[in-house]
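Structure below is entry07.json: JSON, C-alpha atoms.
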```
[["chain", "number", "residue", "atom", "x", "y", "z"],
["T", 1, "MET", "CA", -1.69, 14.27, 8.51],
["T", 2, "GLN", "CA", -5.12, 15.79, 8.82],
["T", 3, "ALA", "CA", -6.56, 13.38, 6.26],
["T", 4, "LEU", "CA", -6.07, 10.39, 8.54],
["T", 5, "ARG", "CA", -9.29, 9.22, 10.07],
["T", 6, "GLN", "CA", -9.17, 9.51, 13.83],
["T", 7, "ASP", "CA", -12.39, 7.66, 14.64],
["T", 8, "ASP", "CA", -12.01, 4.41, 16.55],
["T", 9, "SER", "CA", -14.31, 2.52, 14.19],
["T", 10, "VAL", "CA", -11.60, 2.52, 11.52],
["T", 11, "THR", "CA", -8.96, 0.77, 13.58],
["T", 12, "GLY", "CA", -11.17, -0.83, 16.20],
["T", 13, "SER", "CA", -9.10, 0.63, 19.04],
["T", 14, "ASP", "CA", -12.16, 1.54, 21.16],
["T", 15, "ASN", "CA", -12.05, -1.82, 22.99],
["T", 16, "LEU", "CA", -8.34, -1.74, 23.82],
["T", 17, "GLU", "CA", -6.44, -0.89, 26.97],
["T", 18, "PRO", "CA", -5.35, 2.78, 27.00],
["T", 19, "LYS", "CA", -1.67, 2.04, 26.29],
["T", 20, "LYS", "CA", -2.57, -0.21, 23.34],
["T", 21, "ALA", "CA", -5.11, 2.30, 22.02],
["T", 22, "ALA", "CA", -2.42, 4.99, 22.22],
["T", 23, "MET", "CA", -0.09, 2.76, 20.24],
["T", 24, "VAL", "CA", -2.72, 2.18, 17.54],
["T", 25, "GLU", "CA", -3.26, 5.95, 17.34],
["T", 26, "ALA", "CA", 0.52, 6.49, 17.11],
["T", 27, "LEU", "CA", 0.76, 3.87, 14.37],
["T", 28, "THR", "CA", -2.00, 5.69, 12.49],
["T", 29, "LYS", "CA", -0.20, 9.03, 12.77],
["T", 30, "ALA", "CA", 3.09, 7.38, 11.76],
["T", 31, "LEU", "CA", 1.41, 5.74, 8.74],
["T", 32, "GLY", "CA", 2.16, 2.29, 10.15],
["T", 33, "ILE", "CA", 5.87, 2.81, 10.83],
["T", 34, "VAL", "CA", 6.43, 0.80, 14.00],
["T", 35, "LYS", "CA", 9.68, 2.45, 15.15],
["T", 36, "MET", "CA", 8.20, 5.95, 15.07],
["T", 37, "ALA", "CA", 5.02, 4.86, 16.82],
["T", 38, "CYS", "CA", 6.89, 3.01, 19.56],
["T", 39, "GLU", "CA", 9.12, 6.00, 20.22],
["T", 40, "SER", "CA", 6.14, 8.35, 20.50],
["T", 41, "CYS", "CA", 4.40, 6.00, 22.97],
["T", 42, "GLY", "CA", 7.48, 5.11, 24.95],
["T", 43, "ILE", "CA", 7.23, 1.37, 24.40],
["T", 44, "SER", "CA", 9.68, -1.06, 22.87],
["T", 45, "ARG", "CA", 9.21, -2.75, 19.53],
["T", 46, "ASN", "CA", 9.24, -6.07, 21.41],
["T", 47, "THR", "CA", 6.21, -4.95, 23.42],
["T", 48, "HIS", "CA", 4.36, -4.05, 20.22],
["T", 49, "TYR", "CA", 5.13, -7.44, 18.64],
["T", 50, "ARG", "CA", 4.23, -9.27, 21.86],
["T", 51, "TRP", "CA", 0.86, -7.48, 21.89],
["T", 52, "LEU", "CA", 0.31, -8.59, 18.30],
["T", 53, "LYS", "CA", 0.83, -12.22, 19.32],
["T", 54, "GLU", "CA", -1.12, -12.12, 22.57],
["T", 55, "ASP", "CA", -4.05, -9.75, 21.89],
["T", 56, "PRO", "CA", -6.32, -10.50, 18.91],
["T", 57, "ALA", "CA", -8.14, -7.16, 19.30],
["T", 58, "TYR", "CA", -4.85, -5.26, 19.11],
["T", 59, "LYS", "CA", -3.79, -7.30, 16.07],
["T", 60, "GLU", "CA", -7.12, -6.58, 14.36],
["T", 61, "ALA", "CA", -6.76, -2.85, 15.04],
["T", 62, "ARG", "CA", -3.23, -2.92, 13.62],
["T", 63, "ASP", "CA", -4.39, -4.96, 10.60],
["T", 64, "ASN", "CA", -6.87, -2.19, 9.69],
["T", 65, "LEU", "CA", -4.11, 0.44, 9.41],
["T", 66, "PRO", "CA", -3.19, -0.20, 5.75],
["T", 67, "GLU", "CA", -6.66, 1.00, 4.72],
["T", 68, "VAL", "CA", -6.18, 4.18, 6.73],
["T", 69, "VAL", "CA", -2.80, 4.76, 5.08],
["T", 70, "LEU", "CA", -4.32, 4.18, 1.62],
["T", 71, "ASP", "CA", -7.06, 6.70, 2.41],
["T", 72, "PHE", "CA", -4.38, 9.20, 3.43],
["T", 73, "ALA", "CA", -2.43, 8.67, 0.19],
["T", 74, "GLU", "CA", -5.57, 8.87, -1.96],
["T", 75, "HIS", "CA", -6.57, 12.09, -0.26],
["T", 76, "HIS", "CA", -3.23, 13.66, -1.10],
["T", 77, "LEU", "CA", -3.33, 12.33, -4.64],
["T", 78, "HIS", "CA", -6.73, 13.95, -5.17],
["T", 79, "LYS", "CA", -5.39, 17.15, -3.64],
["T", 80, "LEU", "CA", -2.49, 17.18, -6.13],
["T", 81, "ILE", "CA", -4.87, 16.52, -9.01],
["T", 82, "SER", "CA", -7.09, 19.43, -7.95],
["T", 83, "GLN", "CA", -3.99, 21.65, -7.88],
["T", 84, "GLY", "CA", -3.33, 20.75, -11.51],
["T", 85, "ASN", "CA", -0.34, 18.47, -10.96],
["T", 86, "PRO", "CA", 0.11, 16.67, -14.31],
["T", 87, "ALA", "CA", 2.07, 13.72, -12.89],
["T", 88, "ALA", "CA", -0.64, 13.02, -10.32],
["T", 89, "THR", "CA", -3.34, 13.26, -12.99],
["T", 90, "ILE", "CA", -1.48, 10.91, -15.34],
["T", 91, "PHE", "CA", -0.85, 8.43, -12.54],
["T", 92, "TYR", "CA", -4.50, 8.46, -11.54],
["T", 93, "MET", "CA", -5.72, 7.96, -15.10],
["T", 94, "LYS", "CA", -3.26, 5.10, -15.72],
["T", 95, "THR", "CA", -4.43, 3.29, -12.60],
["T", 96, "LYS", "CA", -8.12, 4.17, -12.36],
["T", 97, "GLY", "CA", -8.94, 5.06, -15.97],
["T", 98, "LYS", "CA", -7.85, 1.84, -17.67],
["T", 99, "HIS", "CA", -11.42, 0.97, -18.62],
["T", 100, "ARG", "CA", -11.57, 4.25, -20.53],
["T", 101, "GLY", "CA", -8.42, 3.52, -22.49],
["T", 102, "TYR", "CA", -5.86, 5.32, -20.34],
["T", 103, "ILE", "CA", -3.24, 2.60, -20.51],
["T", 104, "GLU", "CA", 0.25, 2.26, -21.83],
["T", 105, "ARG", "CA", 1.05, -0.54, -24.20],
["T", 106, "GLN", "CA", 4.29, -1.72, -25.59],
["T", 107, "GLU", "CA", 4.20, -2.72, -29.20],
["T", 108, "ILE", "CA", 7.12, -4.77, -30.40],
["T", 109, "GLU", "CA", 7.79, -4.90, -34.10],
["T", 110, "VAL", "CA", 9.85, -7.77, -35.44],
["T", 111, "ALA", "CA", 11.96, -6.67, -38.35],
["T", 112, "GLU", "CA", 13.22, -10.09, -39.33],
["T", 113, "LYS", "CA", 10.58, -12.80, -39.79],
["T", 114, "LYS", "CA", 12.27, -16.04, -38.70],
["T", 115, "PRO", "CA", 10.85, -19.11, -37.04],
["T", 116, "LEU", "CA", 11.27, -19.23, -33.28],
["T", 117, "SER", "CA", 14.47, -21.13, -32.69],
["T", 118, "TRP", "CA", 15.02, -21.11, -28.96],
["T", 119, "PHE", "CA", 12.89, -24.21, -28.42],
["T", 120, "VAL", "CA", 15.07, -26.46, -30.58],
["T", 121, "SER", "CA", 18.82, -26.41, -30.70],
["T", 122, "ASP", "CA", 20.47, -26.17, -34.10],
["T", 123, "ASP", "CA", 22.01, -29.65, -33.98],
["T", 124, "SER", "CA", 18.98, -31.64, -32.83],
["T", 125, "SER", "CA", 16.14, -32.96, -34.87],
["T", 126, "VAL", "CA", 12.50, -32.70, -33.96],
["T", 127, "SER", "CA", 10.81, -36.06, -33.50]]
```

Render the structure in this file as structure tokens.
Amino acid sequence: MQALRQDDSVTGSDNLEPKKAAMVEALTKALGIVKMACESCGISRNTHYRWLKEDPAYKEARDNLPEVVLDFAEHHLHKLISQGNPAATIFYMKTKGKHRGYIERQEIEVAEKKPLSWFVSDDSSVS
């Protein structure tokens, strides 16, 4: 988990009480998984959720975690690409290279040319 940013500016945990700051750090290391973070800090899940309701600074620090987790995942994706992993390369190109034509399209060929009939039942007349 070395790719996770440990600086307080990412999560905003620099203005929190030590126990809450430790919980934000544990959440960062656990990639946002509350149960794992609570166990590592020795607090209950109820305490974590109470802090979210009562402390706007704690909630803001927790709300920044998805960006940290995305950075972690992107780092590992880039690492796999640099190692020559074809699946990682294809995934990256399909998601980030769309503007260059790296997309998948489904083309549906209709063998039988008939008018669309699901809008009107066979026994009714169109008025």

Given only C-alpha atoms, how would the per-residue table for stretch 51-88 of chain T near stretch 94-100 of chain T read, listing every residue at most 12 Å away with its closest atom pair and distance in Å to one decimal, sorted by chain and number, as JSON lines?
```
{"residue": "T:Glu74", "atom": "CA", "partner": "T:Lys96", "partner_atom": "CA", "distance": 11.7}
{"residue": "T:Ala87", "atom": "CA", "partner": "T:Lys94", "partner_atom": "CA", "distance": 10.5}
{"residue": "T:Ala88", "atom": "CA", "partner": "T:Lys94", "partner_atom": "CA", "distance": 9.9}
```

Mind writing the picked residues with C-alpha atoms as a PDB file, in the frame of the given file?
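Now in out.pdb:
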```pdb
ATOM      1  CA  GLU T  74      -5.570   8.870  -1.960  1.00  0.00           C
ATOM      2  CA  ALA T  87       2.070  13.720 -12.890  1.00  0.00           C
ATOM      3  CA  ALA T  88      -0.640  13.020 -10.320  1.00  0.00           C
TER       4      ALA T  88
END
```

Closest-contact table, stretch 65-102 of chain T side, partner stretch 28-40 of chain T, 10 Å, counting all atoms listed in the file, as a Markdown table:
```
| residue | atom | partner | partner_atom | distance |
| --- | --- | --- | --- | --- |
| T:Leu65 | CA | T:Thr28 | CA | 6.4 |
| T:Pro66 | CA | T:Gly32 | CA | 7.4 |
| T:Val68 | CA | T:Thr28 | CA | 7.3 |
| T:Val69 | CA | T:Leu31 | CA | 5.7 |
| T:Leu70 | CA | T:Leu31 | CA | 9.3 |
| T:Phe72 | CA | T:Leu31 | CA | 8.6 |
| T:Ala73 | CA | T:Leu31 | CA | 9.8 |
```

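The coordinates place atom CA of T:Arg45 at 12.9 Å from atom CA of T:Ala26.
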
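Nearest to T:Asn64 of all the residues T:His78, T:Leu16, T:Leu27, T:Ala111 is T:Leu27, based on all atoms listed in the file.
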
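Note that the spacing between atom CA of T:Met93 and atom CA of T:Leu80 amounts to 13.3 Å.
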
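Take the candidates T:Lys20, T:Thr89, T:Gln83, T:Gly101 and check each one against T:Pro56 using all atoms listed in the file; the shortest distance goes to T:Lys20.
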
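Residue nearest T:Glu60, chosen from T:Ile108, T:Leu77, T:Cys41, T:Val24 and counting all atoms listed in the file: T:Val24.
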
Calculate, to one decimal in Å, the centre and edge lengths of the box along x, y and z of the file that holds all listed atoms of stretch 19-26 of chain T with 3 Å of margin on each side, and present them as lines of an AutoDock Vina configuration file.
```
center_x = -2.3
center_y = 3.1
center_z = 21.7
size_x = 11.6
size_y = 12.7
size_z = 15.2
```

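You will find atom CA of T:Gly42 at 15.3 Å from atom CA of T:Glu17.
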
Practice task
Please tell me which residues are no farther than 10 Å from (1.8, -6.4, 13.8) in the file, counting only C-alpha atoms, and write them as number ranges by chain.
Solution key: T: 32, 34, 48-53, 58-63
